[in-house]
Number of protein chains: 2
Amino acid sequence: MPIKPADLRRVHVFEKATDDDLKLLTQHGIERSVEEDEFFFFQGDPATYLYVLTSGRVKMTQVSTTGQQVNLRTINQWQVFGAVGAVRERATYPASAQAFESSSALAIENGLMHEMMQTRPYLSFGLMQLMTGYIQEMQARYRELATEKVEQRIARTMLRLVAAMGVRAEKGAVELTFTRQQLAEISGTTLFTVSRVFSEWERQAIVEAGREKVRILRPHDLVQIAEGLNKKDG
Amino acid sequence: MPIKPADLRRVHVFEKATDDDLKLLTQHGIERSVEEDEFFFFQGDPATYLYVLTSGRVKMTQVSTTGQQVNLRTINQWQVFGAVGAVRERATYPASAQAFESSSALAIENGLMHEMMQTRPYLSFGLMQLMTGYIQEMQARYRELATEKVEQRIARTMLRLVAAMGVRAEKGAVELTFTRQQLAEISGTTLFTVSRVFSEWERQAIVEAGREKVRILRPHDLVQIAEGLNKKDG
DNA sequence: CGAACAATTGATCCTCATCAAACCTTGTGG
DNA sequence: CCACAAGGTTTGATGAGGATCAATTGTTCG
């Protein structure tokens with residue numbers, strides 16, 4: 001379905017745009033849809049578009065010289081990705097964008113963004129806020145990876161996911177739909193370790209683990225673990 | 001010594017500024033000097049200034065809720081730090097800035113930057129380039145921390161440091177002046193491990209390790225290690 | 001029912017952090 | 001000029017935390 005200008009208001013970067021600006025963006029934007037596991041772009045491709053995710057979920061990944069893959073972040077609806085190119089001329093994407101599930105996005109040409117920013121400070125500020133937010137998230141995750149144990153990192157990952165896309169279940173519980181493998185990739189560990197941690201948490205009645213899903217029964221306990229305040233210490 | 005407008009040309013963000021803009025910045029900027037180990041600002045302080053380092057070296061660090069410290073990056077001469085505040089109103093610094101050695105910086109008030117950016121797209125673009133560069137560096141370091149072994153990370157750290165501040169010695173060798181402890185903090189490991197790795201490298205004649213310094217005899221071998229192409233594999 | 005995929009669990013191994021002890025280098029004061 | 005203190009460095013012993021591998025057990029679906 002076509003994207004209406006008003007939809008773009010939900011994108012933080014375009015919050016303060018005029019109606020005319022939004023119309024301009026939708027008119028010149030191209031809608032692209034990709035199936036599950038397909039890519040919007042690959043790391044190293046020339047960065048010619050900036051994307052706004054209109055439906056689905058996308059993961060940003062990077063591969064090292066030795067071929068190992070790392071998950072940098074996941075993009076949800078109405079979030080912007082692939083923004084580096086809007087800034088640097090002749091840049092390449094520093095990461096790949098792969099659809100978690102079948103997804104659509106509005107692709108906006110760099111030239112257009114570049115041109116619009118010349119006369120619209122709100123746009124630059126919006127993008128800069130996006131970037132500083134992202135910097136802070138990466139810094140936090142770097143710190144976590146450097147200093148925290150897996151259990152703690154898994155707890156944190158789950159809380160992040162709950163905030164971004166948790167589904168309420170009965171009695172204050174929250175449900176997430178993920179395979180152990182996916183959770184492991186996002187937390188930077190293996191599916192085995194995730195499975196073991198879940199078993200332990202299930203023993204403590206903090207979660208209820210099922211096939212491709214987890215129900216969080218006591219979110220507060222998860223917060224405790226994420227903060228590093230395990231009961232053994234208290 | 002006072003900072004001259006022309007000096008600011010060496011700052012990437014101000015590359016395309018007019019002479020008048022540079023004069024404005026130096027006139028309204030405040031020069032701050034701090035001694036070794038002192039702080040320009042702490043994580044959590046209200047972000048009221050953006051800094052340009054005019055002399056010395058500064059490390060950006062973050063502490064976790066459990067009190068462990070992590071090194072995020074080091075700032076060299078003519079680089080900008082503490083830029084988050086220029087963007088977000090009422091923000092706080094997400095990290096602390098501590099002087100590696102006695103250092104000076106030009107502090108520019110947020111309000112001024114904010115105001116100038118309204119009418120000078122080059123400034124926004126400069127800042128955005130700074131940010132995207134930083135994002136890419138953090139992404140790379142995150143990936144490294146997640147996928148690489150310590151030896152590899154130490155090699156990488158040293159190459160980065162060589163590029164930023166290596167001193168040529170005779171016969172194509174390069175020297176770095178760091179304690180094992182400092183190297184360890186930057187690479188995210190312990191001084192013991194750094195020491196062990198150096199011993200091994202010395203055995204292979206890749207480096208020559210001294211008190212508070214390392215001489216890199218065969219930089220190319222270090223690159224090999226950093227790329228994960230250890231001889232055992234080939 | 002069987003195939004494909006997700007999850008669990010146990011056994012094993014490797015990498016590093018941690019702790020302890022000794023050693024080396026440099027600078028300072030008697 | 002020596003002695004000694006302080007800080008940097010090395011090396012060994014030990015242990016914890018997870019990754020990896022292999023085998024088995026659900027679960028879903030055609």
# chains A, B, ... in the order shown; residues from 1 in each chain; ligands from 1
>>> closest_atom_pairs(of="chain B", to="chain C", cutoff="9 Å", atoms="only C-alpha atoms (C1' of nucleotides)", output="JSON lines")
{"residue": "B:Lys149", "atom": "CA", "partner": "C:DT15", "partner_atom": "C1'", "distance": 8.3}
{"residue": "B:Val150", "atom": "CA", "partner": "C:DC16", "partner_atom": "C1'", "distance": 8.5}
{"residue": "B:Thr189", "atom": "CA", "partner": "C:DA17", "partner_atom": "C1'", "distance": 8.6}
{"residue": "B:Thr190", "atom": "CA", "partner": "C:DA17", "partner_atom": "C1'", "distance": 7.6}
{"residue": "B:Phe192", "atom": "CA", "partner": "C:DA17", "partner_atom": "C1'", "distance": 9.0}
{"residue": "B:Thr193", "atom": "CA", "partner": "C:DC16", "partner_atom": "C1'", "distance": 7.7}
{"residue": "B:Arg211", "atom": "CA", "partner": "C:DT25", "partner_atom": "C1'", "distance": 7.7}
>>> write_last_selection(atoms="N, CA and C atoms", output="mmCIF file, in the first residue's frame")
data_model
loop_
_atom_site.group_PDB
_atom_site.id
_atom_site.type_symbol
_atom_site.label_atom_id
_atom_site.label_comp_id
_atom_site.auth_asym_id
_atom_site.auth_seq_id
_atom_site.Cartn_x
_atom_site.Cartn_y
_atom_site.Cartn_z
ATOM 1 N N LYS B 149 39.777 -12.581 19.227
ATOM 2 C CA LYS B 149 40.508 -12.963 20.422
ATOM 3 C C LYS B 149 41.412 -11.815 20.873
ATOM 4 N N VAL B 150 41.859 -11.890 22.135
ATOM 5 C CA VAL B 150 42.644 -10.784 22.667
ATOM 6 C C VAL B 150 43.865 -10.429 21.843
ATOM 7 N N THR B 189 41.419 -5.473 28.033
ATOM 8 C CA THR B 189 41.941 -6.694 28.644
ATOM 9 C C THR B 189 42.732 -6.294 29.889
ATOM 10 N N THR B 190 43.610 -7.180 30.358
ATOM 11 C CA THR B 190 44.384 -6.872 31.561
ATOM 12 C C THR B 190 45.862 -6.677 31.215
ATOM 13 N N PHE B 192 48.287 -8.134 32.484
ATOM 14 C CA PHE B 192 48.946 -9.434 32.469
ATOM 15 C C PHE B 192 48.902 -10.048 31.074
ATOM 16 N N THR B 193 47.723 -10.002 30.509
ATOM 17 C CA THR B 193 47.578 -10.578 29.180
ATOM 18 C C THR B 193 48.412 -9.820 28.160
ATOM 19 N N ARG B 211 60.270 -0.594 28.969
ATOM 20 C CA ARG B 211 59.474 0.007 30.039
ATOM 21 C C ARG B 211 58.701 1.187 29.463
#
>>> closest_atom_pairs(of="chain D", to="chain A", cutoff="12 Å", atoms="only C-alpha atoms (C1' of nucleotides)", output="CSV")
residue,atom,partner,partner_atom,distance
D:DA16,C1',A:Lys149,CA,11.4
D:DG17,C1',A:Lys149,CA,8.4
D:DG18,C1',A:Thr193,CA,7.6
D:DA19,C1',A:Thr190,CA,7.7
D:DT20,C1',A:Phe192,CA,9.7
D:DC21,C1',A:Phe192,CA,11.2
D:DG26,C1',A:Arg211,CA,9.3
D:DT27,C1',A:Arg211,CA,7.6
D:DT28,C1',A:Arg211,CA,10.0
>>> write_last_selection(atoms="C-alpha atoms (C1' of nucleotides)", output="compact mmCIF listing (two decimals), in the first residue's frame")
# COMPACT_ATOMS: atom_id res chain seq x y z
C1' DA D 16 35.55 -19.53 36.06
C1' DG D 17 32.82 -18.72 32.21
C1' DG D 18 31.26 -19.99 28.03
C1' DA D 19 31.95 -21.99 23.39
C1' DT D 20 31.83 -26.15 20.99
C1' DC D 21 30.43 -30.79 19.87
C1' DG D 26 10.19 -32.23 21.80
C1' DT D 27 7.12 -29.81 18.24
C1' DT D 28 5.01 -28.63 13.90
>>> residues_around(residues="Val223 (chain B)", least_positions_apart="2", cutoff="12 Å", atoms="only C-alpha atoms (C1' of nucleotides)", output="PyMOL selection string")
chain B and resi 151-160+162+206+216+218-221+225-230
>>> interface_residues(of="chain A", to="chain B", cutoff="6 Å", atoms="only C-alpha atoms", output="short mmCIF file (atom, residue, chain, number, x, y, z; two decimals) with N, CA and C atoms, in the first residue's frame")
data_model
loop_
_atom_site.label_atom_id
_atom_site.label_comp_id
_atom_site.auth_asym_id
_atom_site.auth_seq_id
_atom_site.Cartn_x
_atom_site.Cartn_y
_atom_site.Cartn_z
N GLN A 118 19.96 21.52 3.12
CA GLN A 118 20.61 22.83 2.93
C GLN A 118 19.77 23.97 3.48
N PRO A 121 17.04 23.35 8.66
CA PRO A 121 17.84 22.95 9.82
C PRO A 121 17.16 21.85 10.63
N ILE A 135 24.70 6.48 18.73
CA ILE A 135 26.03 6.44 19.35
C ILE A 135 25.93 6.00 20.80
N TYR A 142 28.60 -1.63 23.90
CA TYR A 142 30.02 -1.95 23.96
C TYR A 142 30.44 -2.17 25.41
#
>>> select_by_dssp(residues="region 16-206 of chain B", states="alpha helix (DSSP H)", output="MDAnalysis selection string")
chainID B and resid 19:28 110:119 121:147 150:165 180:187 191:203
>>> write_last_selection(atoms="C-alpha atoms", output="mmCIF file, in the first residue's frame")
data_model
loop_
_atom_site.group_PDB
_atom_site.id
_atom_site.type_symbol
_atom_site.label_atom_id
_atom_site.label_comp_id
_atom_site.auth_asym_id
_atom_site.auth_seq_id
_atom_site.Cartn_x
_atom_site.Cartn_y
_atom_site.Cartn_z
ATOM 1 C CA ASP B 19 37.046 33.363 8.523
ATOM 2 C CA ASP B 20 34.332 35.311 10.310
ATOM 3 C CA ASP B 21 32.805 32.136 11.700
ATOM 4 C CA LEU B 22 36.150 31.022 13.042
ATOM 5 C CA LYS B 23 36.696 34.401 14.656
ATOM 6 C CA LEU B 24 33.277 34.150 16.261
ATOM 7 C CA LEU B 25 34.123 30.744 17.674
ATOM 8 C CA THR B 26 37.478 31.737 19.115
ATOM 9 C CA GLN B 27 36.050 34.923 20.588
ATOM 10 C CA HIS B 28 33.213 33.199 22.364
ATOM 11 C CA ASN B 110 26.015 24.866 23.027
ATOM 12 C CA GLY B 111 23.757 27.819 22.457
ATOM 13 C CA LEU B 112 26.284 29.334 20.089
ATOM 14 C CA MET B 113 26.728 26.148 18.089
ATOM 15 C CA HIS B 114 23.000 25.644 17.954
ATOM 16 C CA GLU B 115 22.422 29.150 16.713
ATOM 17 C CA MET B 116 25.179 29.011 14.128
ATOM 18 C CA MET B 117 23.901 25.752 12.740
ATOM 19 C CA GLN B 118 20.537 27.305 11.953
ATOM 20 C CA THR B 119 22.069 29.242 9.100
ATOM 21 C CA PRO B 121 24.508 23.867 6.697
ATOM 22 C CA TYR B 122 28.244 23.167 6.440
ATOM 23 C CA LEU B 123 28.373 23.030 10.232
ATOM 24 C CA SER B 124 25.611 20.450 10.502
ATOM 25 C CA PHE B 125 27.213 18.368 7.804
ATOM 26 C CA GLY B 126 30.544 18.570 9.542
ATOM 27 C CA LEU B 127 29.055 17.407 12.791
ATOM 28 C CA MET B 128 27.124 14.649 11.075
ATOM 29 C CA GLN B 129 30.278 13.410 9.429
ATOM 30 C CA LEU B 130 31.966 13.406 12.787
ATOM 31 C CA MET B 131 29.096 11.353 14.158
ATOM 32 C CA THR B 132 28.882 8.852 11.335
ATOM 33 C CA GLY B 133 32.621 8.352 11.594
ATOM 34 C CA TYR B 134 32.265 7.695 15.260
ATOM 35 C CA ILE B 135 29.329 5.351 14.736
ATOM 36 C CA GLN B 136 31.359 3.322 12.307
ATOM 37 C CA GLU B 137 34.275 3.145 14.680
ATOM 38 C CA MET B 138 32.051 1.984 17.530
ATOM 39 C CA GLN B 139 30.414 -0.601 15.294
ATOM 40 C CA ALA B 140 33.791 -1.913 14.263
ATOM 41 C CA ARG B 141 35.004 -2.081 17.836
ATOM 42 C CA TYR B 142 31.831 -3.806 18.937
ATOM 43 C CA ARG B 143 32.273 -6.398 16.237
ATOM 44 C CA GLU B 144 35.894 -6.886 17.215
ATOM 45 C CA LEU B 145 35.061 -7.325 20.867
ATOM 46 C CA ALA B 146 32.359 -9.821 19.956
ATOM 47 C CA THR B 147 34.312 -11.940 17.493
ATOM 48 C CA VAL B 150 42.644 -10.784 22.667
ATOM 49 C CA GLU B 151 45.855 -11.112 20.708
ATOM 50 C CA GLN B 152 44.060 -9.918 17.628
ATOM 51 C CA ARG B 153 42.434 -7.029 19.486
ATOM 52 C CA ILE B 154 45.728 -5.923 20.990
ATOM 53 C CA ALA B 155 47.326 -5.937 17.557
ATOM 54 C CA ARG B 156 44.476 -3.869 16.195
ATOM 55 C CA THR B 157 44.672 -1.402 19.063
ATOM 56 C CA MET B 158 48.375 -0.913 18.466
ATOM 57 C CA LEU B 159 47.870 -0.298 14.776
ATOM 58 C CA ARG B 160 45.227 2.284 15.562
ATOM 59 C CA LEU B 161 47.582 3.980 18.000
ATOM 60 C CA VAL B 162 50.424 3.915 15.512
ATOM 61 C CA ALA B 163 48.236 5.668 12.961
ATOM 62 C CA ALA B 164 47.162 8.269 15.496
ATOM 63 C CA MET B 165 50.462 8.914 17.208
ATOM 64 C CA ARG B 180 50.982 -2.189 29.650
ATOM 65 C CA GLN B 181 48.165 -1.003 31.847
ATOM 66 C CA GLN B 182 47.122 1.732 29.407
ATOM 67 C CA LEU B 183 47.327 -0.614 26.440
ATOM 68 C CA ALA B 184 45.228 -3.117 28.361
ATOM 69 C CA GLU B 185 42.530 -0.581 29.168
ATOM 70 C CA ILE B 186 42.295 0.546 25.572
ATOM 71 C CA SER B 187 42.152 -3.010 24.238
ATOM 72 C CA LEU B 191 48.003 -5.798 31.828
ATOM 73 C CA PHE B 192 48.946 -9.434 32.469
ATOM 74 C CA THR B 193 47.578 -10.578 29.180
ATOM 75 C CA VAL B 194 49.229 -7.711 27.325
ATOM 76 C CA SER B 195 52.511 -8.621 28.954
ATOM 77 C CA ARG B 196 52.172 -12.252 27.947
ATOM 78 C CA VAL B 197 51.298 -11.372 24.364
ATOM 79 C CA PHE B 198 54.280 -9.038 24.162
ATOM 80 C CA SER B 199 56.578 -11.765 25.435
ATOM 81 C CA GLU B 200 55.352 -14.035 22.689
ATOM 82 C CA TRP B 201 55.710 -11.348 20.029
ATOM 83 C CA GLU B 202 59.179 -10.549 21.248
ATOM 84 C CA ARG B 203 60.089 -14.211 20.842
#
>>> atom_distance(atom1="CA of Ser103 (chain B)", atom2="CA of Glu35 (chain B)")
6.4 Å
>>> select_by_dssp(residues="region 22-198 of chain B", states="strand (DSSP E or B)", output="VMD selection string")
chain B and resid 30 to 34 39 to 41 46 49 to 55 58 to 63 69 to 75 80 to 81 92 96 to 99 103 to 109 167 to 168 174 to 176
>>> write_last_selection(atoms="N, CA and C atoms", output="compact mmCIF listing (two decimals), in the first residue's frame")
# COMPACT_ATOMS: atom_id res chain seq x y z
N ILE B 30 35.91 29.42 25.39
CA ILE B 30 36.67 29.55 26.63
C ILE B 30 37.77 28.51 26.60
N GLU B 31 38.98 28.91 26.99
CA GLU B 31 40.04 27.91 27.01
C GLU B 31 40.11 27.28 28.39
N ARG B 32 40.10 25.95 28.36
CA ARG B 32 40.20 25.23 29.64
C ARG B 32 41.40 24.30 29.61
N SER B 33 42.16 24.29 30.70
CA SER B 33 43.29 23.37 30.80
C SER B 33 43.09 22.46 32.01
N VAL B 34 43.44 21.20 31.88
CA VAL B 34 43.35 20.30 33.02
C VAL B 34 44.65 19.50 33.10
N PHE B 39 39.57 15.71 34.97
CA PHE B 39 38.46 15.56 34.03
C PHE B 39 38.00 16.88 33.41
N PHE B 40 37.67 16.84 32.13
CA PHE B 40 37.00 17.99 31.51
C PHE B 40 35.53 17.99 31.94
N PHE B 41 34.96 16.81 31.94
CA PHE B 41 33.59 16.67 32.45
C PHE B 41 33.33 15.21 32.80
N PRO B 46 25.47 17.99 33.02
CA PRO B 46 24.73 18.63 31.94
C PRO B 46 25.69 19.02 30.82
N TYR B 49 28.82 22.38 26.95
CA TYR B 49 29.86 22.80 26.01
C TYR B 49 30.24 21.67 25.05
N LEU B 50 30.71 22.12 23.90
CA LEU B 50 31.35 21.22 22.96
C LEU B 50 32.83 21.58 23.01
N TYR B 51 33.72 20.61 23.00
CA TYR B 51 35.15 20.88 23.16
C TYR B 51 35.96 20.57 21.90
N VAL B 52 37.00 21.39 21.71
CA VAL B 52 37.99 21.11 20.68
C VAL B 52 39.32 20.98 21.39
N LEU B 53 39.95 19.82 21.28
CA LEU B 53 41.21 19.60 21.99
C LEU B 53 42.34 20.35 21.29
N THR B 54 42.99 21.25 22.02
CA THR B 54 44.07 22.03 21.41
C THR B 54 45.46 21.48 21.75
N SER B 55 45.56 20.74 22.86
CA SER B 55 46.84 20.09 23.16
C SER B 55 46.60 18.95 24.14
N VAL B 58 43.05 12.99 25.46
CA VAL B 58 41.94 12.80 26.39
C VAL B 58 41.32 11.43 26.13
N LYS B 59 40.96 10.75 27.21
CA LYS B 59 40.24 9.48 26.99
C LYS B 59 38.80 9.62 27.43
N MET B 60 37.90 9.05 26.62
CA MET B 60 36.48 9.04 26.93
C MET B 60 36.19 7.71 27.60
N THR B 61 35.61 7.77 28.78
CA THR B 61 35.31 6.54 29.50
C THR B 61 33.87 6.51 29.98
N GLN B 62 33.40 5.30 30.26
CA GLN B 62 32.06 5.12 30.80
C GLN B 62 32.14 4.15 31.96
N VAL B 63 31.31 4.35 32.95
CA VAL B 63 31.27 3.38 34.04
C VAL B 63 29.91 2.70 34.04
N GLN B 69 34.91 0.33 34.76
CA GLN B 69 35.16 1.37 33.79
C GLN B 69 35.53 0.79 32.43
N VAL B 70 35.10 1.50 31.39
CA VAL B 70 35.43 1.08 30.03
C VAL B 70 35.93 2.27 29.24
N ASN B 71 36.98 2.05 28.47
CA ASN B 71 37.50 3.08 27.59
C ASN B 71 36.77 3.06 26.27
N LEU B 72 36.18 4.16 25.87
CA LEU B 72 35.45 4.18 24.61
C LEU B 72 36.33 4.63 23.45
N ARG B 73 37.14 5.66 23.68
CA ARG B 73 38.03 6.14 22.62
C ARG B 73 38.97 7.16 23.19
N THR B 74 40.01 7.49 22.44
CA THR B 74 40.90 8.54 22.89
C THR B 74 40.86 9.66 21.86
N ILE B 75 40.91 10.88 22.37
CA ILE B 75 40.83 12.07 21.54
C ILE B 75 42.21 12.66 21.36
N VAL B 80 37.21 16.89 18.06
CA VAL B 80 36.10 17.42 18.82
C VAL B 80 35.59 16.36 19.79
N PHE B 81 35.25 16.74 20.98
CA PHE B 81 34.59 15.79 21.90
C PHE B 81 33.50 16.50 22.70
N THR B 92 22.72 15.33 28.87
CA THR B 92 23.87 15.14 29.75
C THR B 92 24.93 14.35 28.98
N SER B 96 32.57 10.23 30.40
CA SER B 96 33.49 11.17 31.03
C SER B 96 34.69 11.43 30.14
N ALA B 97 35.26 12.63 30.26
CA ALA B 97 36.45 12.98 29.48
C ALA B 97 37.60 13.24 30.43
N GLN B 98 38.57 12.33 30.43
CA GLN B 98 39.68 12.42 31.37
C GLN B 98 40.99 12.61 30.63
N ALA B 99 41.82 13.53 31.14
CA ALA B 99 43.09 13.83 30.46
C ALA B 99 44.10 12.72 30.69
N SER B 103 46.37 18.65 29.44
CA SER B 103 45.74 18.98 28.16
C SER B 103 44.97 20.30 28.21
N SER B 104 44.76 20.89 27.03
CA SER B 104 43.93 22.09 26.94
C SER B 104 42.88 21.91 25.86
N ALA B 105 41.77 22.61 26.02
CA ALA B 105 40.71 22.53 25.02
C ALA B 105 39.95 23.84 24.94
N LEU B 106 39.39 24.08 23.78
CA LEU B 106 38.53 25.24 23.59
C LEU B 106 37.10 24.80 23.82
N ALA B 107 36.43 25.45 24.78
CA ALA B 107 35.05 25.07 25.10
C ALA B 107 34.09 26.04 24.43
N ILE B 108 33.21 25.50 23.60
CA ILE B 108 32.26 26.33 22.86
C ILE B 108 30.86 26.07 23.38
N GLU B 109 30.18 27.12 23.74
CA GLU B 109 28.87 26.96 24.34
C GLU B 109 27.87 26.37 23.33
N VAL B 167 55.58 7.09 16.55
CA VAL B 167 56.80 7.85 16.28
C VAL B 167 57.77 6.94 15.53
N ARG B 168 58.24 7.43 14.39
CA ARG B 168 59.15 6.59 13.61
C ARG B 168 60.49 6.43 14.32
N VAL B 174 58.58 1.52 14.35
CA VAL B 174 57.75 2.58 14.90
C VAL B 174 57.67 2.38 16.41
N GLU B 175 57.62 3.50 17.13
CA GLU B 175 57.57 3.38 18.59
C GLU B 175 56.30 3.96 19.17
N LEU B 176 55.79 3.27 20.19
CA LEU B 176 54.64 3.77 20.93
C LEU B 176 55.04 3.93 22.40
>>> atom_distance(atom1="C1' of DT9 (chain D)", atom2="CA of Lys213 (chain B)")
11.6 Å
>>> atom_distance(atom1="CA of Leu217 (chain B)", atom2="CA of Ala173 (chain B)")
4.8 Å
